[in-house]
Amino acid sequence: MKPLFSLVMLALLATLSLRLAPLLQPGEELGQVAAHYASQGLVDNRGSNLVTSVVVNYRGFDTLGEVVVLFLSVTGIGFVLRRRQGLVLPAPVPASELVRTGSYLLLAPVLLFGAYIFIHGHLTPGGGFQGGAVVASAVLMMLLANRDRHLPHGLLSWIESLSGFAYVLVGFVGLFAAGSFLANRVPLGQWGDLFSAGLIPVIYVLIGLKVGTELSALLDQMTHSAEPEVKREGSR
Amino acid sequence: MEFVTLYSAAAIALILVGLAGVLIKRNLIKMALGFSLLGTGANILIVTLGYVRGATAPIVDSPALLEDAGSLVVKQGAVMDPVPQALVLTAIVIGVGVTGLMLATIVRLYANTKTLDVNALTRLKW
Amino acid sequence: MQGGRIPRPADCAGTKVMSKKKSPLPRYLATTGLLWVMWVVLTASFAVQELAVGLLVAALAALFTWRSPRFGGSVLMMPKRFLYAMLYIPYLVKEIAKANVDVARRVLGKKLLIKPGIVKVRTRLKSPLGRLILANSITLTPGTLSVDMRDEDFFIHWINVESDDIQQASRKIVAGFEKYLEVIFG
Amino acid sequence: MILIDIFVGAIMLAAAAAAMWVRNLVSAVILVGVVSLAASFIFLRLGAPDVAMTEAAIGSALSTVIFLIVVRRTESHEKGPEVQR
Amino acid sequence: MQVLDVIGALLTLVGALFLFLAALGLVRMPDFYNRVQTGTKASTLGVILSLTGLGLHHPEWLPKIWLVALFVVITNPLSSHALARAVHRAGLPLAKGSIRDALRDEYGLESPALVESKVATDAETEA
């Protein structure tokens, strides 16, 4: 009964999308708002990367909301997977010494690379979200190579909440300086310099820290939280 | 055929494949994978909507893209539409958070019921 | 300062040889310096702003790993080690080239010329980073792949086993690299 | 260039279909990772390097790992007869 | 300028050939360990050559590209080591005709789940 219904729905959707597909005409000129963002973005923000201008400035409030959604989902994961009392975790198979050494060797360069990505978010492709993901993958490397270790949760939650708080504070700077939340009304600097584009790099660094810590917390919860007592070995 | 059209068709097909997985499969992890495919397809479709013929990526790193040297105004039609890209950028990040939440629920369900089959989870059925 | 940082490398298994009672500052500075060089390569710019931010970021990133097994540190400060490190690179390149000719011969040949097996070899190297580089070099050179290591013993998958004996196999596989690495990592 | 586009699109769709098809969940997860990788190439082709980076870092690295962790914790094989297909 | 471009294109071509060899090796070799062997070596050199070829087209990218190559040289063998070790621990036997497995002889198979398949590995003396 149910599969049949699903198939009918799918067929319906397929025909619908076939009918609608010709309406999607990519490659035409931009809408009014998008045209303004594309042509005036450099005048308004002085940052080479227009996507960053949109994410952090024009749509900065949305991004704040999105970071909050990410935070909430990580909190939800922590809530769903919270450690059960008194459950003893079986010892995981330790990684090879070479892998451990390699992970220590690569940790600092990968962290530096993540920082490079989110510091240069307004100049080159990349930014807080990508840099945060790179930082989290460095943390993931450490977690997988050293299964017996846990992250310093106190430090992480401090970084996470401080950067979130600072994001809101920076928003208030805009409110007091220009009368609207997150307005970019500080000296913009020279196009192409590192210290340019006003508040954009500041906010993107904060987003990078916040996303990095949140994704790290997510990975930590997935790898370390209470494991159900299922078969340990032999599973691939 | 232009390659954007090709890609938007591929994106629609990907959405359908993911949706088929979500609807037909009974294994919870397969359903989560289907959601992930669905999300990827939707993201590609949104980005194809921002494609502008003959434009470059929305990163203004050379003066050649400017209208004239002094003004910092970017030429009409010189760059892609940045808005869909910005939306998709955040959507991917939110997507991984949501997927994580979904998978955490699956892990917890498995710990309690020892099954990944949705049909076996009849307690919540309506 | 490093109290609650991610993992404490000092008690990482296999880090038997930690630095003696020396001041940690030179090592920290050396790590920072290496990371700073990496930053400059990444940004490809010598603007003052970039350099300053890079120094800050490098110093922060170095806080996470400067105590880990012999990272960076001493290699740059002793001319002899540096010289050997410089000599090691062409040697490795030569070995990699040989390895690839070997791979091409085996893969393209009509008949598979292989006689595989896992053999045990022994190394004298103590430093974790030295062992890492040794294992990587073994993997990249003709016909060998490091599968596992326990203490002093490496278990090598050898595509064309020439000798089953530990001594002989060690001489054939390890000795060439060890000659350099022993000097570099002390 | 259009040939490469067709190739990548075909790879992506084939990997997606195979991911829904195979019974081994580890293979399915890896195939979804392949889809993400192809998607990230497509984003690059569409002039969205930012999105391509995000998709490569998050879609094909982090979420693949999360899926693998979950598969390891539950079961790695999809059971039962197919309902459809 | 022109010469550099030609050299770069040639290097990229050679690199692509080595990557092809790596793929071919994956098909031709008899078991996992031999496949990883050929795959790692050929793909490392292939990637380095292709990247360097790209760097010769854009000389200003060369430092960055060598940084990437350095990462590849560190991580590629390391990951195949991790793979090989995990696979050996999971109990995958060597191909028929292998000389010996010193690791198994000394420590045994770690994973009891797959011990039954051990029989297949005991092709001891076959030259």
# chains A, B, ... in the order shown; residues from 1 in each chain; ligands from 1

$ closest_atom_pairs --of "region 7-77 of chain A" --to "region 13-37 of chain B" --cutoff "12 Å" --atoms "only C-alpha atoms" --output "CSV"
residue,atom,partner,partner_atom,distance
A:Leu7,CA,B:Ile24,CA,7.9
A:Val8,CA,B:Leu23,CA,10.8
A:Met9,CA,B:Leu23,CA,9.2
A:Leu10,CA,B:Ala20,CA,6.8
A:Ala11,CA,B:Leu16,CA,9.4
A:Leu12,CA,B:Leu16,CA,10.8
A:Leu13,CA,B:Leu16,CA,8.0
A:Ala14,CA,B:Leu16,CA,7.1
A:Thr15,CA,B:Leu16,CA,10.8
A:Leu16,CA,B:Leu16,CA,11.3
A:Ser17,CA,B:Ala13,CA,9.3
A:Leu18,CA,B:Ala13,CA,10.0
A:Ala21,CA,B:Ala13,CA,11.1

$ interface_residues --of "chain D" --to "chain B" --cutoff "6 Å" --atoms "only C-alpha atoms" --output "PyMOL selection string"
chain D and resi 47-48+51

$ write_last_selection --atoms "N, CA, C and O atoms" --output "CSV table (one decimal), in the first residue's frame"
chain,number,residue,atom,x,y,z
D,47,GLY,N,30.9,28.4,-11.4
D,47,GLY,CA,31.4,29.7,-10.9
D,47,GLY,C,31.1,29.9,-9.5
D,47,GLY,O,30.9,31.1,-9.1
D,48,ALA,N,31.1,28.9,-8.7
D,48,ALA,CA,30.9,29.1,-7.3
D,48,ALA,C,31.9,28.5,-6.4
D,48,ALA,O,31.7,27.4,-5.8
D,51,VAL,N,31.1,27.8,-2.7
D,51,VAL,CA,30.3,26.6,-2.4
D,51,VAL,C,31.0,25.3,-2.7
D,51,VAL,O,30.8,24.3,-2.0

$ residues_around --residues "Pro49 (chain D)" --least-positions-apart "5" --cutoff "8 Å" --atoms "only C-alpha atoms" --output "ChimeraX atom specification"
/A:125-126 /B:57 /D:43-44

$ residues_around --residues "Leu62 (chain E)" --least-positions-apart "3" --cutoff "12 Å" --atoms "only C-alpha atoms" --output "list in words"
Val41, Leu42 and Ala44 of chain C; Gly8, Ile48, Leu51, Thr52, Gly53, Leu54, Gly55, Leu56, His57, His58, Pro59, Ile65, Trp66, Leu67, Val68 and Ala69 of chain E

$ atom_distance --atom1 "CA of Leu46 (chain D)" --atom2 "CA of Gly39 (chain B)"
17.5 Å

$ interface_residues --of "chain D" --to "chain A" --cutoff "10 Å" --atoms "only C-alpha atoms" --output "PyMOL selection string"
chain D and resi 26+48-58+61-63+65-77+83-84

$ closest_residue --among "A:Gly31, A:Gly208, A:Gly174, A:Gly128" --to "Gly77 (chain B)" --atoms "only C-alpha atoms"
A:Gly31

$ residues_around --residues "Arg23 (chain D)" --least-positions-apart "3" --cutoff "8 Å" --atoms "only C-alpha atoms" --output "VMD selection string"
chain D and resid 28 77 to 79

$ closest_residue --among "B:Ala78, B:Ile12, B:Leu45, B:Val118" --to "Ile42 (chain D)" --atoms "only C-alpha atoms"
B:Leu45

$ closest_residue --among "A:Ser103, A:Ser196, A:Gln25, A:Thr63" --to "chain E" --atoms "only C-alpha atoms"
A:Ser103

$ closest_atom_pairs --of "region 36-71 of chain E" --to "region 147-160 of chain C" --cutoff "12 Å" --atoms "only C-alpha atoms" --output "Markdown table"
| residue | atom | partner | partner_atom | distance |
| --- | --- | --- | --- | --- |
| E:Val36 | CA | C:His157 | CA | 10.2 |
| E:Gln37 | CA | C:Ile159 | CA | 7.9 |
| E:Thr38 | CA | C:Ile159 | CA | 9.5 |

$ residues_around --residues "Leu108 (chain C)" --least-positions-apart "4" --cutoff "9 Å" --atoms "only C-alpha atoms" --output "list in words"
Val103, Ala104 and Leu112 of chain C; Leu21, Leu24 and Gly25 of chain E

$ write_last_selection --atoms "all heavy atoms" --output "compact mmCIF listing (two decimals), in the first residue's frame"
# COMPACT_ATOMS: atom_id res chain seq x y z
N VAL C 103 56.90 -0.09 -10.77
CA VAL C 103 55.46 -0.29 -10.83
C VAL C 103 55.01 -0.44 -12.28
O VAL C 103 54.25 -1.36 -12.64
CB VAL C 103 54.72 0.89 -10.18
CG1 VAL C 103 53.26 0.89 -10.58
CG2 VAL C 103 54.83 0.81 -8.69
N ALA C 104 55.54 0.43 -13.14
CA ALA C 104 55.15 0.38 -14.55
C ALA C 104 55.50 -0.97 -15.14
O ALA C 104 54.72 -1.59 -15.86
CB ALA C 104 55.85 1.50 -15.32
N LEU C 112 52.25 -11.32 -14.34
CA LEU C 112 52.51 -10.61 -13.09
C LEU C 112 53.76 -11.17 -12.44
O LEU C 112 53.81 -12.34 -12.09
CB LEU C 112 51.33 -10.78 -12.14
CG LEU C 112 50.10 -9.94 -12.44
CD1 LEU C 112 49.04 -10.21 -11.40
CD2 LEU C 112 50.46 -8.47 -12.44
N LEU E 21 48.46 4.40 -14.59
CA LEU E 21 49.13 3.17 -14.15
C LEU E 21 48.61 2.74 -12.80
O LEU E 21 48.38 1.54 -12.56
CB LEU E 21 50.63 3.41 -14.03
CG LEU E 21 51.47 3.22 -15.27
CD1 LEU E 21 52.92 3.38 -14.89
CD2 LEU E 21 51.23 1.84 -15.82
N LEU E 24 45.36 1.12 -13.30
CA LEU E 24 45.54 -0.18 -13.93
C LEU E 24 46.04 -1.20 -12.91
O LEU E 24 45.62 -2.36 -12.91
CB LEU E 24 46.54 -0.05 -15.08
CG LEU E 24 46.52 -1.15 -16.12
CD1 LEU E 24 45.18 -1.17 -16.81
CD2 LEU E 24 47.62 -0.94 -17.12
N GLY E 25 46.94 -0.72 -12.04
CA GLY E 25 47.45 -1.61 -11.00
C GLY E 25 46.34 -2.10 -10.10
O GLY E 25 46.32 -3.25 -9.69

$ closest_residue --among "E:Ala16, E:Leu10, E:Leu83, E:Leu92" --to "chain C" --atoms "only C-alpha atoms"
E:Leu83

$ select_by_dssp --residues "region 82-138 of chain A" --states "helix (DSSP H, G or I)" --output "PyMOL selection string"
chain A and resi 97-119+128-138

$ atom_distance --atom1 "CA of Gln32 (chain A)" --atom2 "CA of Gln76 (chain B)"
11.6 Å

$ atom_distance --atom1 "CA of Ile184 (chain C)" --atom2 "CA of Leu87 (chain C)"
10.3 Å
